[in-house]
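Asker: Before I ask anything, let me first share the structure, which is written out below as structure tokens.
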Amino acid sequence: MWIFIANFRYFVSSMNGKNLNKKIILGLKVRQLRLEKGLSFSELSKKSGLSLSYLNEIEKGKKYPKLEKIEVLAKSFGVKVEHLMSDELEGALAPVSNLLNSNFLKELPLDLFGIEITKIIEIISVAPKRVGAFISTLVEIARNHAYVEENFYLGALRSFLEMHLNYFEDIELAANTFRGENEIPLNEFIHADQLANLLEKLYNYDLDKGGLDQFPELKGIRSLFIPKSKTLLLNGSLTPNQMAFQFGKELGFSYLKLKQRANTSSLMRINSFEEVLSHFKAAYFSAALLMPMNPVKQYLVDFLSQKRFSTTFISQVMHEFGASAEMVFQRMTNILPSQLGLKRIYFFRFISQQDSLNYIVDKELHLDGKHTPHSNRVDETYCRRWLSIKMLEQLRNSDSSLEIGAQISNYYGSSDEYLIISIVKKDMESSKYIGLSLGILLDSNSRSKIAFLDDPEIPRIVVNTTCERCSIPDCKERKAEPVKYLEKLEKKKVHKVLEDLLQ
């Protein structure tokens with residue numbers, strides 16, 4: 001029975017996709033023929049007897065007329081009915097046909113951004129020759145969809161978060177409502193055991209703490225949900241705080257009624273954008289549940305009003321709410337832009353293996369515009385003056401497991417200046433070094449809201465993005481030669497000589 005329902009839903013979904021394609025293809029053909037014949041909408045309306053508004057909706061892919069009206073249109077254009085009704089587009093519009101017949105556009109989460117697929121096709125149809133190459137590229141990406149799918153989905157999610165300044169009031173309200181329904185005051189710390197009891201009581205979960213320990217291959221996974229038995233297998237090495245976050249996520253999946261979900265704690269293999277979005281929402285719910293907005297907001301107000309930067313703020317918040325460093329930074333990126341007006345911020349997470357000095361950005365978020373510090377997609381060497389990397393290298397040679405610091409970074413060759421707050425830690429569970437950085441662009445707005453910017457204890461450092469592109473002279477921290485910068489200089493010399501000769 002369930003298989004039949006699933007197949008039926010897939011069939012309906014496929015049919016809807018096909019019907020949409022037929023509308024779009026017919027609309028493009030009608031528009032192409034109208035322009036080829038030199039007909040205005042009014043002239044085609046008189047010739048066919050169809051209203052101006054109806055013809056406009058056909059061209060935009062919103063209406064698919066009955067057979068007799070398609071016959072009238074075919075007669076008006078002097079073409080066969082079969083030509084209008086076929087799924088093939090010709091000439092400059094051929095790439096559009098290929099794009100529509102691929103799964104690429106169907107996978108785009110356009111509705112999240114308020115975009116209709118017909119609008120995209122309408123834009124393409126206005127100048128098909130100019131965008132033909134672009135469409136062909138999209139189709140090529142679609143053919144290699146399995147390769148790019150994961151990066152595409154995560155990129156779409158980042159854009160979605162940036163569009164909303166990483167603040168979702170509906171999830172904040174849901175987390176507070178859940179506390180209220182279960183008689184948990186907003187300022188009360190929630191223990192992992194409390195959340196475990198709620199999972200068992202409200203949603204009939206079977207919790208197996210340490211259930212993953214018998215599978216050595218899964219030691220890097222924090223939890224695994226088995227839907228059939230509603231069993232949650234947990235990694236036995238989890239701290240109480242990590243366990244509380246996992247329980248909070250599971251409550252989020254159930255309370256928010258998120259059906260499409262990953263069963264592992266992190267996204268091991270992505271099947272759809274809905275799955276990525278559900279994973280994000282559940283994690284957001286968990287953070288909002290464990291660290292309610294109003295108490296955390298008050299902590300942030302007090303922190304920013306201090307005349308001296310205090311590392312105890314973050315450690316105090318972590319202790320008060322039983323939160324990880326990453327959760328504290330997540331809540332800061334939720335609350336600073338939406339509640340305190342500090343919108344121009346970014347967040348990075350660096351990962352480095354215990355036996356490697358290579359640093360990788362595996363999480364990145366830019367709010368209110370792209371910021372000067374950005375991740376390196378070309379395998380270059382990050383500036384060793386960046387606070388997180390500098391602290392991570394120091395952490396390797398210390399007995400400490402967690403360090404907190406601040407720095408004001410001025411980007412070489414620009415006026416961009418950022419307050420950087422970083423936390424670095426040794427992750428015993430995965431044998432990795434992790435660095436978290438929150439950057440706030442220093443402009444008139446942020447300077448008026450952060451009282452400790454003149455603290456003489458905060459170092460002011462000139463930084464750049466990567467060693468390969470950096471022209472800072474005599475940099476003692478340099479780990480790679482400035483090859484890209486030198487290449488750029490050589491190109492400038494070549495262009496200068498060419499310009500002089502041509503003049």
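In the structure tokens, each chain is lettered A, B, ... as it comes, each chain's residues begin at 1, and ligands are numbered from 1 in order of appearance.
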Near stretch 259-271 of chain A, within 10 Å and counting only C-alpha atoms, which residues show up once chain neighbours fewer than 2 positions away are dropped, as a PyMOL selection string?
Answerer: chain A and resi 146+149-151+153-154+220-227+232-234+246+249-250+253-254+256-257+273-280+282-283
Asker: Let's have the selection written as a CSV table (one decimal), in the first residue's frame, with C-alpha atoms.
Answerer:
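File written: out35.csv
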```
chain,number,residue,atom,x,y,z
A,146,ALA,CA,25.8,13.7,-8.8
A,149,GLU,CA,24.8,18.3,-6.1
A,150,GLU,CA,26.1,18.5,-2.5
A,151,ASN,CA,28.0,21.7,-3.0
A,153,TYR,CA,22.6,22.4,-2.0
A,154,LEU,CA,24.9,23.7,0.7
A,220,GLY,CA,33.0,9.9,13.7
A,221,ILE,CA,29.2,10.0,13.8
A,222,ARG,CA,27.5,11.4,16.9
A,223,SER,CA,24.1,9.8,16.5
A,224,LEU,CA,22.0,7.7,14.1
A,225,PHE,CA,18.2,7.6,14.0
A,226,ILE,CA,16.6,4.4,12.9
A,227,PRO,CA,13.1,5.3,11.7
A,232,LEU,CA,18.4,6.8,18.5
A,233,LEU,CA,21.9,5.3,18.6
A,234,LEU,CA,24.4,7.6,20.3
A,246,GLN,CA,21.6,15.9,19.6
A,249,LYS,CA,17.8,18.3,17.2
A,250,GLU,CA,15.6,15.2,17.4
A,253,PHE,CA,12.6,17.2,13.7
A,254,SER,CA,9.5,15.9,15.6
A,256,LEU,CA,8.5,21.1,13.6
A,257,LYS,CA,7.1,18.0,11.7
A,273,PHE,CA,17.5,20.3,-0.7
A,274,GLU,CA,14.5,19.6,1.6
A,275,GLU,CA,16.8,17.3,3.6
A,276,VAL,CA,19.5,20.0,4.0
A,277,LEU,CA,16.9,22.6,5.0
A,278,SER,CA,15.3,20.2,7.6
A,279,HIS,CA,18.7,19.5,9.0
A,280,PHE,CA,19.4,23.2,9.4
A,282,ALA,CA,16.3,21.1,13.5
A,283,ALA,CA,19.8,22.4,14.5
```
Asker: Write out as a short mmCIF file (atom, residue, chain, number, x, y, z; two decimals) with N, CA, C and O atoms, in the first residue's frame all residues of stretch 149-254 of chain A that backbone DSSP assigns to strand (DSSP E).
Answerer:
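To be explicit, this is the file written out as states29.cif:
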```cif
data_model
loop_
_atom_site.label_atom_id
_atom_site.label_comp_id
_atom_site.auth_asym_id
_atom_site.auth_seq_id
_atom_site.Cartn_x
_atom_site.Cartn_y
_atom_site.Cartn_z
N ASP A 206 13.33 5.44 21.50
CA ASP A 206 14.12 4.47 22.26
C ASP A 206 15.58 4.94 22.16
O ASP A 206 16.17 4.93 21.08
N LEU A 207 16.16 5.39 23.29
CA LEU A 207 17.50 5.95 23.29
C LEU A 207 18.53 4.92 23.70
O LEU A 207 18.39 4.29 24.75
N ASP A 208 19.53 4.75 22.87
CA ASP A 208 20.59 3.77 23.14
C ASP A 208 21.92 4.52 23.26
O ASP A 208 22.62 4.73 22.27
N LYS A 209 22.24 4.96 24.48
CA LYS A 209 23.49 5.70 24.71
C LYS A 209 24.67 4.74 24.58
O LYS A 209 24.74 3.75 25.29
N SER A 223 25.35 10.57 16.24
CA SER A 223 24.10 9.85 16.48
C SER A 223 23.54 9.31 15.18
O SER A 223 23.86 9.82 14.09
N LEU A 224 22.71 8.29 15.29
CA LEU A 224 22.05 7.68 14.14
C LEU A 224 20.62 7.35 14.53
O LEU A 224 20.39 6.65 15.53
N PHE A 225 19.66 7.88 13.77
CA PHE A 225 18.25 7.63 14.03
C PHE A 225 17.76 6.51 13.11
O PHE A 225 17.95 6.57 11.90
N ILE A 226 17.15 5.48 13.70
CA ILE A 226 16.59 4.37 12.92
C ILE A 226 15.07 4.53 12.92
O ILE A 226 14.40 4.28 13.92
N THR A 231 14.58 4.39 17.11
CA THR A 231 15.74 4.24 18.01
C THR A 231 16.80 5.26 17.65
O THR A 231 17.10 5.47 16.47
N LEU A 232 17.35 5.91 18.66
CA LEU A 232 18.44 6.84 18.46
C LEU A 232 19.70 6.24 19.08
O LEU A 232 19.82 6.11 20.29
N LEU A 233 20.63 5.82 18.19
CA LEU A 233 21.90 5.27 18.65
C LEU A 233 22.88 6.42 18.85
O LEU A 233 23.03 7.28 17.97
N LEU A 234 23.55 6.47 19.99
CA LEU A 234 24.44 7.58 20.31
C LEU A 234 25.88 7.12 20.48
O LEU A 234 26.13 5.98 20.89
#
```
Asker: Report the distance between atom CA of A:Asn464 and atom CA of A:Tyr412 in Å, rounded to one decimal place.
Answerer: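 Taking atom CA of A:Asn464 as the start and atom CA of A:Tyr412 as the end point, the length is 5.7 Å.
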Asker: To test your reading of the structure, identify every residue in stretch 232-324 of chain A that backbone DSSP assigns to helix (DSSP H, G or I), and report it as a PyMOL selection string.
Answerer: chain A and resi 240-255+273-290+293-305+312-321
Asker: So that I can see what lies close to A:Leu300, please list as an MDAnalysis selection string the residues with an atom at most 9 Å from it, counting only C-alpha atoms and leaving out residues fewer than 5 positions away in the same chain.
Answerer: chainID A and resid 295 305 313 332 335:336 340
Asker: What does the distance between atom CA of A:Gly439 and atom CA of A:Ala244 come to in Å, to one decimal place?
Answerer: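 Atom-to-atom, atom CA of A:Gly439 to atom CA of A:Ala244, that is 27.5 Å.
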Asker: Would you list the contacts of stretch 213-218 of chain A as a list in words, taking every protein, DNA or RNA residue within 9 Å and counting only C-alpha atoms, but skipping same-chain residues closer than 6 positions in sequence?
Answerer: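 Neighbouring residues, sequence-local ones excluded: Leu234, Asn235, Gly236 and Ser237 of chain A.
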Asker: Counting only C-alpha atoms, what is within 12 Å of A:Ile472, bar same-chain residues fewer than 6 positions away, as a PDB file with N, CA and C atoms, in the first residue's frame?
Answerer:
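The result, written out as part_7.pdb:
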```
ATOM      1  N   CYS A 383      46.508  33.225   5.348  1.00  0.00           N
ATOM      2  CA  CYS A 383      47.388  34.128   6.088  1.00  0.00           C
ATOM      3  C   CYS A 383      47.540  33.652   7.530  1.00  0.00           C
ATOM      4  N   ARG A 385      48.498  35.282   9.918  1.00  0.00           N
ATOM      5  CA  ARG A 385      48.163  36.342  10.859  1.00  0.00           C
ATOM      6  C   ARG A 385      46.684  36.316  11.241  1.00  0.00           C
ATOM      7  N   TYR A 411      42.903  44.824   6.805  1.00  0.00           N
ATOM      8  CA  TYR A 411      43.270  44.115   5.577  1.00  0.00           C
ATOM      9  C   TYR A 411      44.194  44.974   4.714  1.00  0.00           C
ATOM     10  N   TYR A 412      45.367  44.418   4.465  1.00  0.00           N
ATOM     11  CA  TYR A 412      46.440  45.120   3.754  1.00  0.00           C
ATOM     12  C   TYR A 412      45.947  45.633   2.399  1.00  0.00           C
ATOM     13  N   GLY A 413      46.202  46.919   2.163  1.00  0.00           N
ATOM     14  CA  GLY A 413      45.829  47.508   0.879  1.00  0.00           C
ATOM     15  C   GLY A 413      44.388  47.943   0.820  1.00  0.00           C
ATOM     16  N   VAL A 462      47.916  43.832  10.867  1.00  0.00           N
ATOM     17  CA  VAL A 462      47.681  43.917   9.414  1.00  0.00           C
ATOM     18  C   VAL A 462      47.680  42.491   8.868  1.00  0.00           C
ATOM     19  N   VAL A 463      46.633  42.130   8.135  1.00  0.00           N
ATOM     20  CA  VAL A 463      46.494  40.761   7.619  1.00  0.00           C
ATOM     21  C   VAL A 463      46.214  40.810   6.120  1.00  0.00           C
ATOM     22  N   ASN A 464      46.234  39.617   5.510  1.00  0.00           N
ATOM     23  CA  ASN A 464      45.826  39.484   4.114  1.00  0.00           C
ATOM     24  C   ASN A 464      45.034  38.187   3.989  1.00  0.00           C
ATOM     25  N   THR A 465      44.718  37.780   2.772  1.00  0.00           N
ATOM     26  CA  THR A 465      43.885  36.583   2.619  1.00  0.00           C
ATOM     27  C   THR A 465      44.725  35.320   2.483  1.00  0.00           C
ATOM     28  N   THR A 466      45.588  35.242   1.456  1.00  0.00           N
ATOM     29  CA  THR A 466      46.475  34.082   1.318  1.00  0.00           C
ATOM     30  C   THR A 466      47.898  34.547   1.050  1.00  0.00           C
ATOM     31  N   ARG A 478      54.925  34.351   6.910  1.00  0.00           N
ATOM     32  CA  ARG A 478      54.671  33.812   5.573  1.00  0.00           C
ATOM     33  C   ARG A 478      55.015  32.324   5.486  1.00  0.00           C
ATOM     34  N   GLU A 481      55.426  31.364  -0.913  1.00  0.00           N
ATOM     35  CA  GLU A 481      55.891  32.491  -1.711  1.00  0.00           C
ATOM     36  C   GLU A 481      54.710  33.199  -2.394  1.00  0.00           C
ATOM     37  N   PRO A 482      54.825  34.524  -2.622  1.00  0.00           N
ATOM     38  CA  PRO A 482      53.699  35.277  -3.214  1.00  0.00           C
ATOM     39  C   PRO A 482      53.599  35.089  -4.726  1.00  0.00           C
ATOM     40  N   TYR A 485      50.775  36.937  -6.596  1.00  0.00           N
ATOM     41  CA  TYR A 485      51.025  38.384  -6.619  1.00  0.00           C
ATOM     42  C   TYR A 485      52.086  38.719  -7.671  1.00  0.00           C
TER      43      TYR A 485
END
```
Asker: If you count only C-alpha atoms, which residues fall within 10 Å of stretch 372-381 of chain A, apart from same-chain ones fewer than 5 positions away, as a PyMOL selection string?
Answerer: chain A and resi 346-350+358-366+386+409+411+414+416-418+439+441+463-469+478-481+484
